[in-house]
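The structure file upload29.cif is reproduced below (mmCIF, C-alpha atoms and all ligand atoms).
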```
data_my_file
#
loop_
_atom_site.label_atom_id
_atom_site.label_comp_id
_atom_site.auth_asym_id
_atom_site.auth_seq_id
_atom_site.Cartn_x
_atom_site.Cartn_y
_atom_site.Cartn_z
CA MET T 776 67.88 63.33 78.72
CA ARG T 777 68.14 67.05 79.36
CA ILE T 778 68.41 69.39 76.36
CA ASP T 779 69.06 73.13 76.66
CA VAL T 780 68.66 75.33 73.58
CA VAL T 781 69.94 78.92 73.37
CA SER T 782 68.41 81.09 70.63
CA ILE T 783 67.22 84.61 69.86
CA PHE T 784 64.04 83.00 68.45
CA PRO T 785 62.98 80.69 71.30
CA THR T 786 59.36 80.36 70.10
CA ILE T 787 60.56 78.39 67.05
CA PHE T 788 61.03 75.50 69.48
CA ASP T 789 57.34 75.50 70.49
CA ALA T 790 57.02 72.98 67.65
CA LEU T 791 58.85 70.41 69.83
CA GLU T 792 55.65 70.13 71.93
CA VAL T 793 53.86 68.16 69.21
CA SER T 794 53.81 64.46 68.28
CA LEU T 795 56.36 61.95 69.49
CA LEU T 796 58.81 64.32 71.12
CA GLY T 797 55.95 66.19 72.81
CA LYS T 798 54.83 62.90 74.36
CA ALA T 799 58.39 62.17 75.51
CA ARG T 800 58.53 65.59 77.16
CA GLN T 801 55.21 65.00 78.95
CA THR T 802 56.37 61.64 80.31
CA GLY T 803 59.66 63.13 81.53
CA LEU T 804 61.86 61.12 79.14
CA LEU T 805 63.00 64.40 77.60
CA ASP T 806 63.54 67.62 79.56
CA VAL T 807 63.89 70.41 76.98
CA ARG T 808 64.60 73.94 78.20
CA VAL T 809 64.73 76.81 75.71
CA HIS T 810 66.57 80.01 76.64
CA ASP T 811 66.31 83.44 75.02
CA LEU T 812 69.84 84.73 74.46
CA ARG T 813 68.52 88.30 74.88
CA ASP T 814 67.69 87.49 78.51
CA TYR T 815 71.48 87.46 79.06
CA THR T 816 72.01 91.04 77.83
CA HIS T 817 72.08 94.14 80.05
CA ASP T 818 71.52 97.06 77.65
CA ARG T 819 68.13 98.59 76.91
CA HIS T 820 68.12 97.25 73.33
CA ARG T 821 69.06 93.71 74.43
CA THR T 822 71.88 93.73 71.84
CA VAL T 823 73.32 90.35 70.79
CA ASP T 824 75.36 91.40 67.72
CA ASP T 825 78.08 93.83 66.71
CA THR T 826 80.27 94.68 63.70
CA PRO T 827 83.15 92.32 62.83
CA TYR T 828 86.75 93.27 63.71
CA GLY T 829 88.75 93.49 60.49
CA GLY T 830 85.70 94.60 58.54
CA GLY T 831 83.48 92.60 56.25
CA ALA T 832 79.81 92.07 55.60
CA GLY T 833 77.17 91.57 58.25
CA MET T 834 77.21 91.29 62.01
CA VAL T 835 78.72 88.84 64.49
CA MET T 836 77.15 87.57 67.71
CA LYS T 837 78.78 89.23 70.74
CA PRO T 838 80.50 86.87 73.20
CA GLU T 839 79.19 88.32 76.49
CA PRO T 840 75.53 87.10 76.30
CA TRP T 841 76.77 83.65 75.19
CA GLY T 842 79.15 83.48 78.17
CA LEU T 843 76.37 84.31 80.64
CA ALA T 844 73.88 81.89 79.02
CA LEU T 845 76.37 79.00 78.98
CA ASP T 846 77.42 79.73 82.59
CA ASP T 847 73.78 79.69 83.68
CA ILE T 848 73.10 76.36 81.96
CA ALA T 849 76.32 74.63 83.04
CA GLN T 850 75.94 75.90 86.61
CA ASP T 851 73.06 73.57 87.59
CA ALA T 852 74.31 70.61 85.53
CA ALA T 853 75.62 67.50 87.29
CA GLU T 854 78.12 66.51 84.55
CA PRO T 855 79.83 68.50 81.79
CA PRO T 856 77.37 68.53 78.85
CA VAL T 857 78.02 68.06 75.15
CA ILE T 858 77.69 71.56 73.66
CA VAL T 859 76.61 71.58 70.00
CA PHE T 860 76.82 74.57 67.69
CA PRO T 861 75.22 73.91 64.29
CA SER T 862 77.48 75.36 61.63
CA PRO T 863 77.99 74.88 57.88
CA ALA T 864 81.70 74.78 58.83
CA GLY T 865 81.20 71.85 61.20
CA GLU T 866 81.61 68.08 60.85
CA ARG T 867 78.72 66.28 59.17
CA PHE T 868 75.80 65.30 61.45
CA THR T 869 75.04 61.65 60.63
CA GLN T 870 72.85 58.87 62.02
CA LYS T 871 75.99 57.58 63.78
CA ILE T 872 76.47 60.92 65.55
CA ALA T 873 72.73 61.08 66.36
CA ARG T 874 73.07 57.66 68.01
CA GLU T 875 76.17 58.72 69.98
CA LEU T 876 74.44 61.86 71.23
CA SER T 877 71.28 59.89 72.17
CA HIS T 878 73.37 58.19 74.90
CA GLU T 879 74.34 61.50 76.54
CA ASP T 880 72.68 62.80 79.72
CA HIS T 881 72.81 66.44 78.78
CA LEU T 882 73.04 68.28 75.45
CA VAL T 883 73.28 72.05 74.96
CA PHE T 884 72.53 73.56 71.54
CA GLY T 885 73.68 77.08 70.68
CA CYS T 886 71.89 78.66 67.71
CA GLY T 887 73.97 81.20 65.82
CA ARG T 888 72.48 83.95 63.64
CA TYR T 889 73.94 86.68 61.43
CA GLU T 890 77.45 85.85 60.16
CA GLY T 891 78.09 83.61 63.16
CA ILE T 892 79.30 83.71 66.76
CA ASP T 893 82.50 85.36 68.07
CA GLU T 894 85.08 82.55 67.82
CA ARG T 895 86.13 82.92 71.48
CA VAL T 896 82.74 81.53 72.56
CA PHE T 897 83.68 78.05 71.23
CA ASP T 898 86.93 78.09 73.19
CA TYR T 899 85.12 79.24 76.34
CA ALA T 900 82.44 76.55 75.90
CA ALA T 901 85.19 73.90 75.68
CA GLY T 902 85.93 74.69 79.34
CA LEU T 903 82.33 73.87 80.29
CA GLY T 904 81.73 70.73 78.23
CA ARG T 905 82.64 68.78 75.08
CA VAL T 906 82.08 71.13 72.13
CA ARG T 907 80.98 69.86 68.69
CA LEU T 908 80.35 71.96 65.58
CA LEU T 909 77.90 69.98 63.44
CA SER T 910 76.55 70.51 59.92
CA LEU T 911 73.39 68.98 58.45
CA GLY T 912 74.68 69.41 54.91
CA ASP T 913 76.48 71.70 52.51
CA TYR T 914 74.07 74.62 52.45
CA VAL T 915 73.68 77.80 54.49
CA LEU T 916 70.67 78.62 56.64
CA ASN T 917 69.82 81.98 58.19
CA GLY T 918 70.50 80.59 61.63
CA GLY T 919 71.07 77.43 63.63
CA GLU T 920 67.45 77.01 64.78
CA VAL T 921 66.16 74.81 61.95
CA ALA T 922 69.29 72.66 62.12
CA VAL T 923 68.82 72.22 65.89
CA MET T 924 65.18 71.21 65.38
CA ALA T 925 66.34 68.49 62.98
CA MET T 926 69.10 67.30 65.31
CA VAL T 927 66.82 67.21 68.38
CA GLU T 928 64.28 65.14 66.44
CA ALA T 929 66.92 62.75 65.05
CA ILE T 930 68.50 62.29 68.51
CA GLY T 931 65.28 62.33 70.56
CA ARG T 932 63.60 59.50 68.63
CA LEU T 933 66.60 57.22 69.40
CA ILE T 934 66.12 57.52 73.18
CA PRO T 935 64.62 54.22 74.43
CA GLY T 936 60.87 54.62 74.92
CA VAL T 937 60.47 57.66 72.67
CA VAL T 938 59.67 55.65 69.51
CA GLY T 939 57.05 52.98 70.24
CA ASN T 940 58.39 50.10 68.14
CA PRO T 941 62.19 49.67 68.40
CA GLU T 942 62.15 47.49 65.22
CA SER T 943 61.07 50.52 63.22
CA LEU T 944 64.37 52.09 64.25
CA VAL T 945 66.62 49.35 62.81
CA GLU T 946 64.84 48.87 59.47
CA GLU T 947 65.17 52.45 58.30
CA SER T 948 67.47 54.43 56.02
CA HIS T 949 71.06 54.85 57.22
CA GLU T 950 70.84 52.48 60.20
CA ASP T 951 72.64 49.71 58.24
CA GLY T 952 74.49 52.03 55.85
CA LEU T 953 71.97 51.55 53.03
CA LEU T 954 68.81 53.38 51.98
CA GLU T 955 65.49 51.94 53.09
CA TYR T 956 63.57 49.38 50.97
CA PRO T 957 60.24 50.58 49.43
CA SER T 958 57.04 50.11 51.43
CA PHE T 959 53.50 49.29 50.26
CA THR T 960 50.09 48.88 51.89
CA LYS T 961 46.57 48.02 50.75
CA PRO T 962 45.06 48.02 48.17
CA ALA T 963 47.18 45.47 46.25
CA SER T 964 46.36 47.31 43.03
CA TRP T 965 45.87 51.09 42.92
CA ARG T 966 45.28 53.22 39.81
CA GLY T 967 46.87 50.56 37.63
CA ARG T 968 49.90 50.14 39.88
CA ASP T 969 50.42 46.73 41.51
CA VAL T 970 52.29 45.94 44.70
CA PRO T 971 55.33 43.73 43.83
CA PRO T 972 53.93 40.15 43.92
CA VAL T 973 56.73 38.83 46.16
CA LEU T 974 55.30 40.92 49.02
CA LEU T 975 51.97 39.05 48.71
CA SER T 976 53.63 35.60 48.43
CA GLY T 977 53.89 34.85 52.14
CA ASN T 978 57.48 33.67 51.51
CA HIS T 979 59.39 35.52 54.23
CA GLY T 980 62.80 34.49 52.90
CA ALA T 981 61.97 35.74 49.41
CA VAL T 982 60.63 39.00 50.88
CA ALA T 983 63.84 39.55 52.87
CA THR T 984 66.02 38.84 49.81
CA TRP T 985 63.94 41.19 47.60
CA ARG T 986 64.07 43.98 50.19
CA ARG T 987 67.86 43.69 50.53
CA GLU T 988 68.24 43.81 46.71
CA GLN T 989 66.03 46.90 46.60
CA GLN T 990 68.14 48.57 49.30
CA ILE T 991 71.37 47.93 47.38
CA GLU T 992 69.87 48.99 44.01
CA ARG T 993 68.42 52.24 45.38
CA THR T 994 71.61 53.08 47.21
CA ARG T 995 73.62 52.46 44.00
CA GLU T 996 71.27 54.75 42.02
CA ARG T 997 70.70 57.55 44.53
CA ARG T 998 73.61 57.48 46.96
CA PRO T 999 76.59 55.64 45.44
CA ASP T 1000 78.81 57.50 47.91
CA LEU T 1001 77.40 55.23 50.68
CA LEU T 1002 78.57 51.99 49.00
CA PRO T 1003 82.05 50.44 49.35
CA ASP T 1004 84.11 50.41 46.12
C1 LIG T 1101 73.79 78.07 59.48
BR1 LIG T 1101 74.07 81.91 60.90
C2 LIG T 1101 74.00 80.02 60.77
C3 LIG T 1101 74.14 79.29 61.93
C4 LIG T 1101 74.10 77.92 61.86
C5 LIG T 1101 73.92 77.32 60.64
S1 LIG T 1101 73.87 75.64 60.24
C6 LIG T 1101 73.66 76.00 58.56
N1 LIG T 1101 73.55 75.04 57.59
N2 LIG T 1101 73.63 77.29 58.33
C7 LIG T 1101 73.82 79.44 59.55
#
```
Could you quickly redo this structure as structure tokens?
Ligand code: JA8
Amino acid sequence: MRIDVVSIFPTIFDALEVSLLGKARQTGLLDVRVHDLRDYTHDRHRTVDDTPYGGGAGMVMKPEPWGLALDDIAQDAAEPPVIVFPSPAGERFTQKIARELSHEDHLVFGCGRYEGIDERVFDYAAGLGRVRLLSLGDYVLNGGEVAVMAMVEAIGRLIPGVVGNPESLVEESHEDGLLEYPSFTKPASWRGRDVPPVLLSGNHGAVATWRREQQIERTRERRPDLLPD
């Protein structure tokens, strides 16, 4: 999969070199290219923002650098990419959407800063690819970068070969609509706390039943919104 990221803070994405995703990049499974939006400006101050029409607080990202950056990225792409803009005003980014996006050949992430990006950029981008505005949750960040890091990790680990054991992908929170069951390792007793005896019983059926009960109980307590009425 190819991933292009456009940001005014490209070095934030140096962190993608480490661990699992770093390995996937080395082996060619993931081709991540980070672009500095300021490289698409032409003035001596490399300006990417301006005051909002109609007044109001803060600054808005100018459309021209975004147009040039998106043109440059789409230009050498074989197929129209999915173009993602993280936004608190977007649809919710879920495990289901992460899985959908993990099947794409080419993703482009545009990181907004300030009060956001000139609205015409989204309309222009829709002529280059399939645009999605996606939100991690109902809170505001200072820019899209941290949200894009989270999305790239959630999507990247679903690409076949990126995570070593595919079973670890199905038995985790949100993959079956429930929270994950609790995990334990040795020692069997630690600081007065014992591992639930069923896990030491060797009875695989009883273990499976207990884990499913734990998933339902935890989901009811912590995330009742995930359960059917
Ligand atoms: C923000 Br500015 C900006 C750009 C993208 C996002 S996603 C989020 N939760 N906050 C802020």
Any idea what's packed within 12 Å of Glu988 of chain T, counting all atoms listed in the file, ignoring anything in its chain fewer than 3 positions away? Could you give it as a CSV table (one decimal) with C-alpha atoms, in the frame of the given file?
```csv
chain,number,residue,atom,x,y,z
T,953,LEU,CA,72.0,51.6,53.0
T,954,LEU,CA,68.8,53.4,52.0
T,955,GLU,CA,65.5,51.9,53.1
T,956,TYR,CA,63.6,49.4,51.0
T,957,PRO,CA,60.2,50.6,49.4
T,981,ALA,CA,62.0,35.7,49.4
T,982,VAL,CA,60.6,39.0,50.9
T,983,ALA,CA,63.8,39.6,52.9
T,984,THR,CA,66.0,38.8,49.8
T,985,TRP,CA,63.9,41.2,47.6
T,991,ILE,CA,71.4,47.9,47.4
T,992,GLU,CA,69.9,49.0,44.0
T,993,ARG,CA,68.4,52.2,45.4
T,994,THR,CA,71.6,53.1,47.2
T,995,ARG,CA,73.6,52.5,44.0
```
Any residue with an atom at most 12 Å from ligand LIG 1101 (chain T) counts, using all atoms listed in the file. Which are they? Put them as a PyMOL selection string. chain T and resi 782-783+824+833-836+859-868+884-893+908-926
Selected residue, from T:Ser958, T:Glu928, T:Ala849, T:Pro827, that lies nearest to Gly902 of chain T when counting only C-alpha atoms: T:Ala849
Skipping near chain neighbours, those fewer than 2 positions away, what residues fall within 6 Å of segment 810-820 of chain T using only C-alpha atoms, listed as a count of residues only? 7
(58.6, 62.9, 69.8) in this file's frame - what residues fall within 12 Å of it? Use only C-alpha atoms and give the answer as number ranges by chain. T: 790-807, 924-925, 927-939
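Here atom CA of Gly904 of chain T and atom CA of Ile858 of chain T stand 6.2 Å from one another.
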Smallest atom-to-atom distance to Val809 of chain T: which of T:Ala963, T:Val970, T:Ile848, T:Ala853, using all atoms listed in the file?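 Closest to Val809 of chain T, using all atoms listed in the file: T:Ile848.
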Excluding Leu882 of chain T and any residue of its chain fewer than 4 positions from it, enumerate the residues within 8 Å of it, using all atoms listed in the file, and give them as a PyMOL selection string. chain T and resi 776-779+856-859+876
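Atom CA of His878 of chain T is positioned 20.1 Å from atom CA of Gly952 of chain T.
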Given 4 Å of margin on each side, can you work out the centre and size in Å (one decimal) of an axis-aligned box holding every listed atom of segment 841-853 of chain T, as AutoDock Vina command-line options?
```
--center_x 76.1 --center_y 75.9 --center_z 81.4 --size_x 14.1 --size_y 24.8 --size_z 20.4
```
With distances taken over all atoms listed in the file, which of T:Val883, T:Glu894, T:Gln870, T:Leu903 is nearest to Asp951 of chain T?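 Comparing T:Val883, T:Glu894, T:Gln870, T:Leu903 against Asp951 of chain T, the winner is T:Gln870.
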